[in-house]
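This is work15.cif (mmCIF, C-alpha atoms (C1' of nucleotides)).
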data_start
loop_
_atom_site.label_atom_id
_atom_site.label_comp_id
_atom_site.auth_asym_id
_atom_site.auth_seq_id
_atom_site.Cartn_x
_atom_site.Cartn_y
_atom_site.Cartn_z
CA MET A 1 -4.49 -25.49 -16.15
CA PRO A 2 -2.52 -27.93 -18.27
CA VAL A 3 -1.96 -27.14 -21.88
CA LYS A 4 -4.25 -28.78 -24.37
CA ALA A 5 -2.53 -30.82 -27.05
CA GLY A 6 -3.81 -28.72 -29.90
CA GLU A 7 -2.40 -25.45 -28.64
CA ARG A 8 0.97 -26.70 -27.57
CA LEU A 9 4.18 -25.27 -28.82
CA ASP A 10 2.37 -22.26 -30.16
CA PRO A 11 4.33 -19.33 -28.71
CA GLU A 12 1.59 -16.83 -29.48
CA ALA A 13 -1.06 -18.92 -27.76
CA THR A 14 1.19 -19.37 -24.75
CA ARG A 15 1.80 -15.65 -24.54
CA ALA A 16 -1.91 -14.93 -24.85
CA ARG A 17 -2.71 -17.49 -22.17
CA ILE A 18 -0.25 -15.88 -19.78
CA LEU A 19 -1.62 -12.43 -20.54
CA LYS A 20 -5.18 -13.52 -19.85
CA ALA A 21 -4.32 -15.31 -16.62
CA ALA A 22 -2.14 -12.44 -15.41
CA SER A 23 -4.85 -9.92 -16.20
CA GLU A 24 -7.39 -11.87 -14.20
CA VAL A 25 -5.23 -12.44 -11.15
CA PHE A 26 -3.87 -8.88 -11.18
CA THR A 27 -7.41 -7.56 -11.40
CA GLN A 28 -8.72 -9.68 -8.57
CA ARG A 29 -5.88 -9.49 -6.06
CA GLY A 30 -3.86 -6.45 -7.08
CA ILE A 31 -0.53 -6.25 -8.85
CA HIS A 32 1.84 -5.78 -5.92
CA ALA A 33 0.02 -8.47 -3.97
CA THR A 34 0.38 -11.03 -6.76
CA GLY A 35 3.62 -12.95 -7.20
CA ILE A 36 4.96 -14.33 -10.44
CA ASN A 37 4.43 -17.81 -9.06
CA GLU A 38 0.71 -17.16 -8.80
CA VAL A 39 0.60 -15.91 -12.36
CA ALA A 40 2.49 -18.99 -13.53
CA GLU A 41 0.15 -21.31 -11.70
CA ALA A 42 -2.96 -19.53 -12.96
CA ALA A 43 -1.63 -19.61 -16.54
CA GLY A 44 -0.46 -23.21 -16.40
CA ALA A 45 2.95 -21.94 -17.42
CA SER A 46 6.37 -21.96 -15.83
CA LYS A 47 8.17 -18.90 -14.56
CA LEU A 48 10.78 -19.48 -17.24
CA THR A 49 8.20 -19.05 -19.98
CA ILE A 50 6.89 -15.87 -18.40
CA TYR A 51 10.34 -14.35 -18.20
CA LYS A 52 11.19 -15.50 -21.72
CA ASN A 53 8.09 -13.71 -23.01
CA PHE A 54 7.99 -10.58 -20.88
CA GLY A 55 11.46 -10.13 -19.43
CA SER A 56 10.36 -9.01 -15.98
CA LYS A 57 7.32 -8.53 -13.82
CA ASP A 58 7.21 -4.89 -14.88
CA GLY A 59 7.30 -6.04 -18.50
CA LEU A 60 4.43 -8.41 -17.84
CA VAL A 61 2.42 -5.68 -16.13
CA GLU A 62 3.00 -3.30 -19.02
CA ALA A 63 1.99 -5.98 -21.54
CA VAL A 64 -1.15 -6.80 -19.59
CA LEU A 65 -2.18 -3.15 -19.34
CA THR A 66 -1.38 -2.47 -22.99
CA ASP A 67 -3.47 -5.43 -24.05
CA ARG A 68 -6.25 -4.37 -21.73
CA THR A 69 -6.46 -0.76 -22.89
CA GLN A 70 -6.52 -1.87 -26.52
CA ARG A 71 -9.37 -4.29 -25.88
CA VAL A 72 -11.37 -1.70 -23.95
CA ARG A 73 -10.86 0.85 -26.69
CA ALA A 74 -12.02 -1.62 -29.32
CA TRP A 75 -15.13 -2.45 -27.30
CA HIS A 76 -16.02 1.22 -27.02
CA GLU A 77 -15.35 1.96 -30.69
CA GLN A 78 -17.58 -0.95 -31.63
CA ALA A 79 -20.37 0.02 -29.23
CA VAL A 80 -20.30 3.58 -30.52
CA GLU A 81 -20.47 2.51 -34.14
CA GLN A 82 -23.45 0.27 -33.47
CA ALA A 83 -25.42 3.08 -31.80
CA ALA A 84 -27.58 5.57 -33.65
CA ALA A 85 -25.81 8.79 -34.52
CA GLY A 86 -25.94 11.75 -32.18
CA ARG A 87 -26.44 11.67 -28.44
CA GLU A 88 -27.13 7.93 -28.50
CA ARG A 89 -23.49 7.28 -29.32
CA ILE A 90 -22.35 9.03 -26.19
CA LEU A 91 -24.88 7.22 -24.06
CA ALA A 92 -23.77 3.94 -25.64
CA VAL A 93 -20.43 4.38 -23.89
CA PHE A 94 -22.16 4.60 -20.53
CA ASP A 95 -24.46 1.69 -21.32
CA LEU A 96 -21.36 -0.34 -22.06
CA VAL A 97 -19.70 0.51 -18.75
CA ALA A 98 -22.99 -0.12 -16.94
CA SER A 99 -22.96 -3.71 -18.17
CA TRP A 100 -19.27 -3.86 -17.27
CA TYR A 101 -20.02 -2.82 -13.66
CA ALA A 102 -22.53 -5.64 -13.43
CA GLU A 103 -20.00 -8.32 -14.34
CA ALA A 104 -19.01 -10.71 -11.58
CA GLY A 105 -15.62 -9.82 -10.18
CA PHE A 106 -15.68 -6.25 -11.48
CA ARG A 107 -12.83 -4.39 -9.79
CA GLY A 108 -12.61 -1.09 -11.64
CA CYS A 109 -10.39 0.13 -14.44
CA ALA A 110 -7.18 -1.88 -14.64
CA MET A 111 -5.11 1.10 -15.78
CA ILE A 112 -6.37 3.44 -13.06
CA ASN A 113 -5.93 0.72 -10.46
CA ALA A 114 -2.37 0.02 -11.58
CA ALA A 115 -1.49 3.71 -11.58
CA THR A 116 -2.97 4.02 -8.10
CA GLU A 117 -0.93 1.09 -6.82
CA ASP A 118 2.15 2.67 -8.41
CA ARG A 119 1.46 6.17 -7.12
CA GLY A 120 4.52 8.36 -6.86
CA GLN A 121 6.23 6.48 -9.66
CA ASP A 122 6.36 7.65 -13.25
CA GLY A 123 6.44 4.22 -14.88
CA ALA A 124 4.40 2.50 -17.54
CA PRO A 125 1.23 2.04 -15.44
CA ARG A 126 0.74 5.75 -14.88
CA ARG A 127 1.55 6.57 -18.51
CA LEU A 128 -0.90 3.93 -19.75
CA ALA A 129 -3.57 5.22 -17.38
CA GLN A 130 -3.08 8.74 -18.72
CA ASP A 131 -3.28 7.43 -22.28
CA HIS A 132 -6.46 5.58 -21.35
CA LEU A 133 -8.00 8.77 -20.01
CA SER A 134 -6.92 10.56 -23.18
CA PHE A 135 -8.67 7.93 -25.25
CA TYR A 136 -11.93 8.63 -23.44
CA ARG A 137 -11.45 12.37 -23.77
CA ASN A 138 -10.78 12.12 -27.50
CA LEU A 139 -13.65 9.70 -28.05
CA PHE A 140 -16.12 11.96 -26.23
CA GLN A 141 -14.79 15.05 -27.96
CA ARG A 142 -15.27 13.45 -31.36
CA LEU A 143 -18.80 12.34 -30.55
CA LEU A 144 -19.68 15.71 -29.04
CA THR A 145 -18.37 17.53 -32.08
CA GLU A 146 -20.58 15.32 -34.26
CA THR A 147 -23.61 16.28 -32.19
CA GLY A 148 -22.78 19.97 -32.54
CA VAL A 149 -22.05 20.81 -28.90
CA CYS A 150 -20.62 24.30 -28.60
CA ASP A 151 -17.62 23.40 -26.41
CA PRO A 152 -16.84 19.74 -27.08
CA GLU A 153 -13.50 19.80 -25.29
CA THR A 154 -14.90 21.03 -21.98
CA THR A 155 -17.88 18.71 -22.08
CA ALA A 156 -15.67 15.77 -23.01
CA ARG A 157 -13.55 16.36 -19.93
CA GLN A 158 -16.72 16.48 -17.84
CA LEU A 159 -17.88 13.14 -19.19
CA VAL A 160 -14.54 11.54 -18.34
CA ILE A 161 -14.89 12.77 -14.77
CA VAL A 162 -18.33 11.20 -14.50
CA LEU A 163 -17.13 7.98 -16.10
CA GLU A 164 -14.17 7.55 -13.78
CA GLY A 165 -16.10 8.60 -10.69
CA ALA A 166 -18.82 6.08 -11.38
CA THR A 167 -16.22 3.40 -12.09
CA ILE A 168 -14.25 3.83 -8.89
CA ILE A 169 -17.34 4.06 -6.70
CA SER A 170 -18.89 1.03 -8.35
CA ALA A 171 -15.69 -0.91 -7.66
CA VAL A 172 -15.41 0.16 -4.02
CA ASP A 173 -19.10 -0.23 -3.22
CA ARG A 174 -19.62 -3.27 -5.45
CA ASP A 175 -22.67 -1.47 -6.75
CA PRO A 176 -23.56 -1.92 -10.44
CA GLY A 177 -26.17 0.81 -10.12
CA LEU A 178 -23.54 3.46 -10.72
CA GLY A 179 -23.88 2.89 -14.45
CA ALA A 180 -27.46 4.13 -14.47
CA GLU A 181 -26.56 7.03 -12.19
CA ALA A 182 -23.74 8.08 -14.50
CA ARG A 183 -26.09 7.98 -17.45
CA VAL A 184 -28.48 10.39 -15.75
CA ILE A 185 -25.65 12.81 -15.05
CA VAL A 186 -24.49 12.60 -18.65
CA GLU A 187 -27.96 13.38 -19.95
CA THR A 188 -28.12 16.41 -17.70
CA LEU A 189 -24.72 17.62 -18.85
CA LEU A 190 -25.64 17.08 -22.51
CA ASP A 191 -28.88 19.00 -22.03
CA ALA A 192 -26.93 21.88 -20.55
CA ALA A 193 -24.13 21.84 -23.13
CA MET B 1 14.32 12.35 12.52
CA PRO B 2 15.52 12.13 16.14
CA VAL B 3 13.08 12.83 18.87
CA LYS B 4 13.13 16.27 20.43
CA ALA B 5 13.76 16.30 24.15
CA GLY B 6 10.46 17.95 24.98
CA GLU B 7 8.28 15.30 23.38
CA ARG B 8 10.09 12.26 24.61
CA LEU B 9 8.40 9.56 26.58
CA ASP B 10 5.02 10.88 25.63
CA PRO B 11 3.22 7.82 24.27
CA GLU B 12 0.49 9.86 22.60
CA ALA B 13 3.00 12.08 20.83
CA THR B 14 4.95 9.04 19.67
CA ARG B 15 1.81 7.43 18.35
CA ALA B 16 0.82 10.63 16.54
CA ARG B 17 4.31 10.96 15.06
CA ILE B 18 4.16 7.41 13.70
CA LEU B 19 0.68 8.00 12.30
CA LYS B 20 1.77 11.14 10.50
CA ALA B 21 4.92 9.61 9.06
CA ALA B 22 3.10 6.45 8.01
CA SER B 23 0.37 8.47 6.36
CA GLU B 24 2.89 10.43 4.33
CA VAL B 25 4.96 7.48 3.18
CA PHE B 26 1.88 5.34 2.45
CA THR B 27 0.40 8.18 0.43
CA GLN B 28 3.53 8.79 -1.58
CA ARG B 29 4.72 5.26 -2.29
CA GLY B 30 1.69 3.08 -1.72
CA ILE B 31 0.86 0.80 1.18
CA HIS B 32 1.96 -2.57 -0.21
CA ALA B 33 5.17 -1.03 -1.55
CA THR B 34 6.11 0.44 1.84
CA GLY B 35 7.75 -1.71 4.47
CA ILE B 36 7.50 -1.25 8.20
CA ASN B 37 11.19 -0.39 8.24
CA GLU B 38 10.52 2.59 6.01
CA VAL B 39 7.75 3.77 8.27
CA ALA B 40 10.01 3.39 11.30
CA GLU B 41 12.79 5.34 9.64
CA ALA B 42 10.43 8.10 8.47
CA ALA B 43 8.90 8.37 11.94
CA GLY B 44 12.19 8.26 13.80
CA ALA B 45 10.78 5.34 15.73
CA SER B 46 11.74 1.71 16.11
CA LYS B 47 9.76 -1.21 14.78
CA LEU B 48 9.16 -2.29 18.35
CA THR B 49 7.33 0.95 19.12
CA ILE B 50 5.21 0.60 16.00
CA TYR B 51 4.16 -2.93 16.88
CA LYS B 52 3.57 -1.97 20.52
CA ASN B 53 1.20 0.77 19.37
CA PHE B 54 -0.55 -0.81 16.41
CA GLY B 55 -0.05 -4.56 16.70
CA SER B 56 0.51 -5.27 13.04
CA LYS B 57 0.94 -3.56 9.70
CA ASP B 58 -2.75 -4.02 9.04
CA GLY B 59 -3.46 -2.37 12.37
CA LEU B 60 -1.22 0.54 11.44
CA VAL B 61 -2.93 0.90 8.06
CA GLU B 62 -6.34 0.90 9.69
CA ALA B 63 -5.24 3.48 12.26
CA VAL B 64 -3.77 5.71 9.54
CA LEU B 65 -6.93 5.53 7.44
CA THR B 66 -9.21 6.08 10.41
CA ASP B 67 -7.21 9.13 11.42
CA ARG B 68 -7.23 10.38 7.87
CA THR B 69 -10.94 10.06 7.25
CA GLN B 70 -11.69 11.83 10.52
CA ARG B 71 -9.41 14.73 9.61
CA VAL B 72 -10.90 15.04 6.14
CA ARG B 73 -14.41 14.99 7.54
CA ALA B 74 -13.54 17.72 10.04
CA TRP B 75 -12.04 19.86 7.28
CA HIS B 76 -15.17 19.56 5.21
CA GLU B 77 -17.52 20.23 8.11
CA GLN B 78 -15.54 23.34 8.96
CA ALA B 79 -15.41 24.59 5.37
CA VAL B 80 -19.13 24.07 5.00
CA GLU B 81 -19.92 25.93 8.20
CA GLN B 82 -17.83 28.90 7.15
CA ALA B 83 -19.59 29.22 3.80
CA ALA B 84 -22.77 31.17 3.26
CA ALA B 85 -25.93 29.10 3.51
CA GLY B 86 -27.43 27.47 0.44
CA ARG B 87 -25.62 26.48 -2.71
CA GLU B 88 -22.39 28.10 -1.51
CA ARG B 89 -22.00 25.43 1.11
CA ILE B 90 -22.00 22.71 -1.51
CA LEU B 91 -19.55 24.58 -3.67
CA ALA B 92 -17.35 25.11 -0.63
CA VAL B 93 -16.71 21.36 -0.58
CA PHE B 94 -15.43 21.51 -4.13
CA ASP B 95 -13.37 24.61 -3.45
CA LEU B 96 -11.75 22.73 -0.61
CA VAL B 97 -10.86 19.74 -2.76
CA ALA B 98 -9.62 22.09 -5.50
CA SER B 99 -7.03 23.50 -3.11
CA TRP B 100 -6.27 19.95 -2.02
CA TYR B 101 -5.54 18.90 -5.61
CA ALA B 102 -3.07 21.79 -5.88
CA GLU B 103 -1.00 20.63 -2.93
CA ALA B 104 2.47 19.32 -3.70
CA GLY B 105 2.53 15.54 -3.54
CA PHE B 106 -1.24 15.14 -3.95
CA ARG B 107 -1.92 11.48 -4.65
CA GLY B 108 -5.67 11.16 -4.39
CA CYS B 109 -7.93 9.96 -1.61
CA ALA B 110 -6.10 7.74 0.87
CA MET B 111 -9.14 5.58 1.56
CA ILE B 112 -9.99 4.99 -2.09
CA ASN B 113 -6.33 4.30 -2.86
CA ALA B 114 -6.05 1.81 -0.03
CA ALA B 115 -9.24 0.04 -1.06
CA THR B 116 -7.95 -0.10 -4.63
CA GLU B 117 -4.65 -1.64 -3.51
CA ASP B 118 -6.63 -4.12 -1.44
CA ARG B 119 -9.13 -4.97 -4.15
CA GLY B 120 -10.75 -8.34 -3.80
CA GLN B 121 -10.34 -8.24 -0.03
CA ASP B 122 -13.04 -7.26 2.41
CA GLY B 123 -10.81 -5.78 5.07
CA ALA B 124 -10.67 -2.48 6.89
CA PRO B 125 -9.45 -0.40 3.92
CA ARG B 126 -12.47 -1.16 1.78
CA ARG B 127 -14.86 -0.68 4.68
CA LEU B 128 -13.27 2.66 5.56
CA ALA B 129 -13.44 3.74 1.92
CA GLN B 130 -17.14 2.89 1.83
CA ASP B 131 -17.67 4.82 5.05
CA HIS B 132 -15.79 7.75 3.56
CA LEU B 133 -18.05 7.73 0.51
CA SER B 134 -21.07 7.54 2.81
CA PHE B 135 -19.83 10.59 4.66
CA TYR B 136 -19.77 12.57 1.41
CA ARG B 137 -23.19 11.27 0.43
CA ASN B 138 -24.68 12.21 3.79
CA LEU B 139 -22.99 15.61 3.79
CA PHE B 140 -24.25 16.45 0.32
CA GLN B 141 -27.70 15.14 1.09
CA ARG B 142 -27.93 17.33 4.17
CA LEU B 143 -26.78 20.42 2.30
CA LEU B 144 -29.07 19.70 -0.63
CA THR B 145 -32.03 19.25 1.67
CA GLU B 146 -31.25 22.64 3.21
CA THR B 147 -31.31 24.24 -0.24
CA GLY B 148 -34.65 22.66 -1.02
CA VAL B 149 -33.64 20.38 -3.88
CA CYS B 150 -36.49 18.05 -4.79
CA ASP B 151 -34.48 14.81 -4.75
CA PRO B 152 -31.53 15.34 -2.41
CA GLU B 153 -30.55 11.69 -2.28
CA THR B 154 -30.14 11.28 -6.01
CA THR B 155 -28.32 14.57 -6.44
CA ALA B 156 -26.05 13.77 -3.50
CA ARG B 157 -25.00 10.54 -5.17
CA GLN B 158 -24.29 12.48 -8.35
CA LEU B 159 -22.06 14.93 -6.52
CA VAL B 160 -20.06 12.08 -4.97
CA ILE B 161 -19.48 10.65 -8.44
CA VAL B 162 -18.17 14.00 -9.66
CA LEU B 163 -16.02 14.44 -6.57
CA GLU B 164 -14.37 11.02 -6.84
CA GLY B 165 -13.95 11.22 -10.60
CA ALA B 166 -12.20 14.57 -10.35
CA THR B 167 -10.04 13.27 -7.50
CA ILE B 168 -8.80 10.16 -9.26
CA ILE B 169 -8.14 11.97 -12.55
CA SER B 170 -6.35 14.79 -10.79
CA ALA B 171 -4.13 12.23 -9.06
CA VAL B 172 -3.33 10.26 -12.22
CA ASP B 173 -2.83 13.29 -14.45
CA ARG B 174 -1.24 15.44 -11.73
CA ASP B 175 -3.62 18.15 -12.86
CA PRO B 176 -5.00 20.50 -10.19
CA GLY B 177 -7.41 21.95 -12.77
CA LEU B 178 -9.87 19.16 -12.09
CA GLY B 179 -11.13 21.08 -9.07
CA ALA B 180 -12.45 23.92 -11.25
CA GLU B 181 -13.87 21.44 -13.74
CA ALA B 182 -15.72 19.59 -11.01
CA ARG B 183 -17.16 22.85 -9.74
CA VAL B 184 -18.60 23.64 -13.17
CA ILE B 185 -20.26 20.22 -13.35
CA VAL B 186 -21.71 20.68 -9.88
CA GLU B 187 -23.20 24.03 -10.79
CA THR B 188 -24.81 22.47 -13.84
CA LEU B 189 -26.22 19.61 -11.78
CA LEU B 190 -27.54 22.01 -9.14
CA ASP B 191 -29.18 24.15 -11.80
CA ALA B 192 -30.89 21.07 -13.20
CA ALA B 193 -31.93 19.64 -9.83
"C1'" DA C 1 15.92 -40.50 -37.13
"C1'" DG C 2 17.69 -36.58 -35.17
"C1'" DA C 3 18.51 -31.61 -34.46
"C1'" DA C 4 16.15 -27.61 -32.70
"C1'" DC C 5 13.09 -25.58 -29.81
"C1'" DA C 6 9.10 -24.61 -26.64
"C1'" DG C 7 7.88 -25.37 -22.27
"C1'" DG C 8 6.91 -27.60 -17.48
"C1'" DA C 9 8.99 -28.80 -13.04
"C1'" DT C 10 12.03 -27.77 -9.69
"C1'" DA C 11 15.74 -26.03 -7.07
"C1'" DC C 12 18.04 -22.22 -6.04
"C1'" DC C 13 19.78 -17.24 -5.26
"C1'" DG C 14 20.00 -12.78 -2.77
"C1'" DA C 15 16.93 -9.43 -1.07
"C1'" DT C 16 13.19 -8.00 1.49
"C1'" DC C 17 9.06 -8.76 3.86
"C1'" DG C 18 6.25 -8.80 8.50
"C1'" DG C 19 7.19 -9.74 12.99
"C1'" DT C 20 9.96 -10.92 17.46
"C1'" DG C 21 13.57 -10.84 20.87
"C1'" DT C 22 17.51 -8.64 23.28
"C1'" DC C 23 19.75 -4.98 25.33
"C1'" DA C 24 21.23 -0.36 26.39
"C1'" DT C 25 19.50 4.23 27.09
"C1'" DC C 26 16.48 7.87 28.38
"C1'" DT C 27 13.00 10.24 31.36
"C1'" DC C 28 10.33 10.60 35.22
"C1'" DG C 29 7.89 9.36 39.69
"C1'" DG C 30 8.96 8.24 44.30
"C1'" DC D 1 18.99 8.05 43.57
"C1'" DC D 2 16.68 4.34 41.98
"C1'" DG D 3 13.24 1.47 39.72
"C1'" DA D 4 9.74 1.38 36.13
"C1'" DG D 5 8.28 2.23 31.79
"C1'" DA D 6 9.10 3.92 27.11
"C1'" DT D 7 12.11 3.92 23.36
"C1'" DG D 8 15.86 3.21 19.83
"C1'" DA D 9 19.30 0.23 17.83
"C1'" DC D 10 20.07 -4.09 16.13
"C1'" DA D 11 20.10 -9.00 15.36
"C1'" DC D 12 17.29 -12.45 14.01
"C1'" DC D 13 13.38 -15.58 12.23
"C1'" DG D 14 10.63 -17.96 8.59
"C1'" DA D 15 8.30 -16.78 4.50
"C1'" DT D 16 8.03 -14.89 0.19
"C1'" DC D 17 9.56 -11.95 -3.32
"C1'" DG D 18 11.66 -11.28 -8.33
"C1'" DG D 19 14.65 -13.59 -11.06
"C1'" DT D 20 17.99 -17.43 -12.79
"C1'" DA D 21 19.68 -22.01 -13.79
"C1'" DT D 22 19.12 -26.96 -14.57
"C1'" DC D 23 16.94 -30.88 -16.33
"C1'" DC D 24 13.75 -33.27 -18.91
"C1'" DT D 25 9.62 -33.98 -21.89
"C1'" DG D 26 7.25 -33.45 -26.06
"C1'" DT D 27 6.60 -31.40 -30.56
"C1'" DT D 28 8.03 -29.79 -35.11
"C1'" DC D 29 10.94 -29.54 -38.97
"C1'" DT D 30 14.28 -31.53 -41.99
#
I need this file expressed as structure tokens, please.
Amino acid sequence: MPVKAGERLDPEATRARILKAASEVFTQRGIHATGINEVAEAAGASKLTIYKNFGSKDGLVEAVLTDRTQRVRAWHEQAVEQAAAGRERILAVFDLVASWYAEAGFRGCAMINAATEDRGQDGAPRRLAQDHLSFYRNLFQRLLTETGVCDPETTARQLVIVLEGATIISAVDRDPGLGAEARVIVETLLDAA
Amino acid sequence: MPVKAGERLDPEATRARILKAASEVFTQRGIHATGINEVAEAAGASKLTIYKNFGSKDGLVEAVLTDRTQRVRAWHEQAVEQAAAGRERILAVFDLVASWYAEAGFRGCAMINAATEDRGQDGAPRRLAQDHLSFYRNLFQRLLTETGVCDPETTARQLVIVLEGATIISAVDRDPGLGAEARVIVETLLDAA
DNA sequence: AGAACAGGATACCGATCGGTGTCATCTCGG
DNA sequence: CCGAGATGACACCGATCGGTATCCTGTTCT
């Protein structure tokens, strides 16, 4: 992908282009399985530019995951705000992931996948995956508190389990139907809470 | 690990020793991140013996995962049989995984991890992971039918979601408490079913 | 116009990868 | 006691890895 004239010599655009290309190729083929050369080719950038911007492959991976978790969080915050108050806001999260499962090339949560590839190590991927899980826990806990659930913390942890279970199974089975199944579980858990 | 005199020149024992060592090192460090040399060193075997027995690294990975899924299935079948009939048999599955989460060096489900590392590919790891999920679905469906649940298939799929969600979160967070949390969710779902 | 800089292309480095070949050693059946 | 098979130790292969250096083009600013 050659650089268009208009966006040339814009360091921020170059960095964003590399991030986007790296995110896509990491998602599709895995992080360990993807070489820097592939990222460079997919981004239409040279290895030099990648290393100038991110220092190392680990630095690139951390930047990709950080960018990814921030985008996902923003999507969820926005979806929640647009939903009617109460239980609908919680279900909006699962409607959002249901549409995510249905996207072509869906391969699961980037942070969980990276932490899984890196298992045994205590590097940035695992830390970012834990932070990502904490985001979901805190989001659910806030929404559950607003709806007046008696034990928001426990129920929030339950919803994260359902969310991540549906995500990993949807990725392995390539089955977008897990979104609807997760929603049913969530309604049951909310009824019981 | 040098070979003990008694087990020398026993091809089956050698093969089993390689499988066990490979399973451990793959689990702890990841499959892509582990070279054949590491497996050979961990097994006290030579690369020649590994390739004589398994043909290729992919063949070794497939053999390790096949062995693993069979062992896990046997553990679950046994745990279920030893539990009292009815709901206890379903909960026995989650008690078993709870003790699994508490093991030192727990890193999640080998099949799901391998499929995640291999994402985008349609090789043996993903197929074995799908088969592993099917095993859980079929097991739960059988037990739910025995307890007289009205829609065993749907509830079985729900239980698999909870099981895999708890597993992946327990692995990422290194938190064995997910076993108890999963059990609570299961009881709620069984009450509602 | 010219300095400064971003960036693409390419070659290169040492290390490691999956995989093969060679050879000595060990055990065991005959 | 000897040959066959299994195994470990080790050297080696081409490919690819992460990472660096070189060279040149094209843009932007002064």
**Report entry** Explicit residue set for the PyMOL selection byres ((chain D) within 12 of (chain B)), as a list of chain:residue names
**Finding:**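 Evaluating the PyMOL selection byres ((chain D) within 12 of (chain B)) on this file yields D:DG5, D:DA6, D:DT7, D:DG8, D:DA9, D:DC10, D:DC17.
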Report task. Go through A:Val72, A:Ile31, A:Ile50, A:Ala129 and flag the residue nearest chain C, using only C-alpha atoms (C1' of nucleotides) for the distances. Result -> A:Ile50
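Separating atom CA of B:Leu96 from atom CA of B:Leu143 is a distance of 15.5 Å.
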If you apply the PyMOL selection byres ((chain C and resi 2) around 12) to this file, what residues do you get, as a PDB file with C-alpha atoms (C1' of nucleotides), keeping the file's coordinate frame?
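Saved the output as out.pdb:
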ATOM      1  C1'  DA C   1      15.920 -40.500 -37.130  1.00  0.00           C
ATOM      2  C1'  DA C   3      18.510 -31.610 -34.460  1.00  0.00           C
ATOM      3  C1'  DA C   4      16.150 -27.610 -32.700  1.00  0.00           C
TER       4       DA C   4
ATOM      5  C1'  DT D  28       8.030 -29.790 -35.110  1.00  0.00           C
ATOM      6  C1'  DC D  29      10.940 -29.540 -38.970  1.00  0.00           C
ATOM      7  C1'  DT D  30      14.280 -31.530 -41.990  1.00  0.00           C
TER       8       DT D  30
END
Proximity of chain C to chain B: per-residue shortest pair, 12 Å limit, all atoms listed in the file, as a Markdown table:
| residue | atom | partner | partner_atom | distance |
| --- | --- | --- | --- | --- |
| C:DT16 | C1' | B:Gly35 | CA | 8.8 |
| C:DC17 | C1' | B:Gly35 | CA | 7.2 |
| C:DG18 | C1' | B:Lys57 | CA | 7.6 |
| C:DG19 | C1' | B:Ser56 | CA | 8.0 |
| C:DT20 | C1' | B:Leu48 | CA | 8.7 |
| C:DG21 | C1' | B:Leu48 | CA | 9.9 |
| C:DT22 | C1' | B:Leu48 | CA | 11.6 |
| C:DC26 | C1' | B:Leu9 | CA | 8.4 |
| C:DT27 | C1' | B:Leu9 | CA | 6.7 |
| C:DC28 | C1' | B:Leu9 | CA | 8.9 |
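Atom CA of B:Val61 is positioned 13.7 Å from atom CA of B:Glu38.
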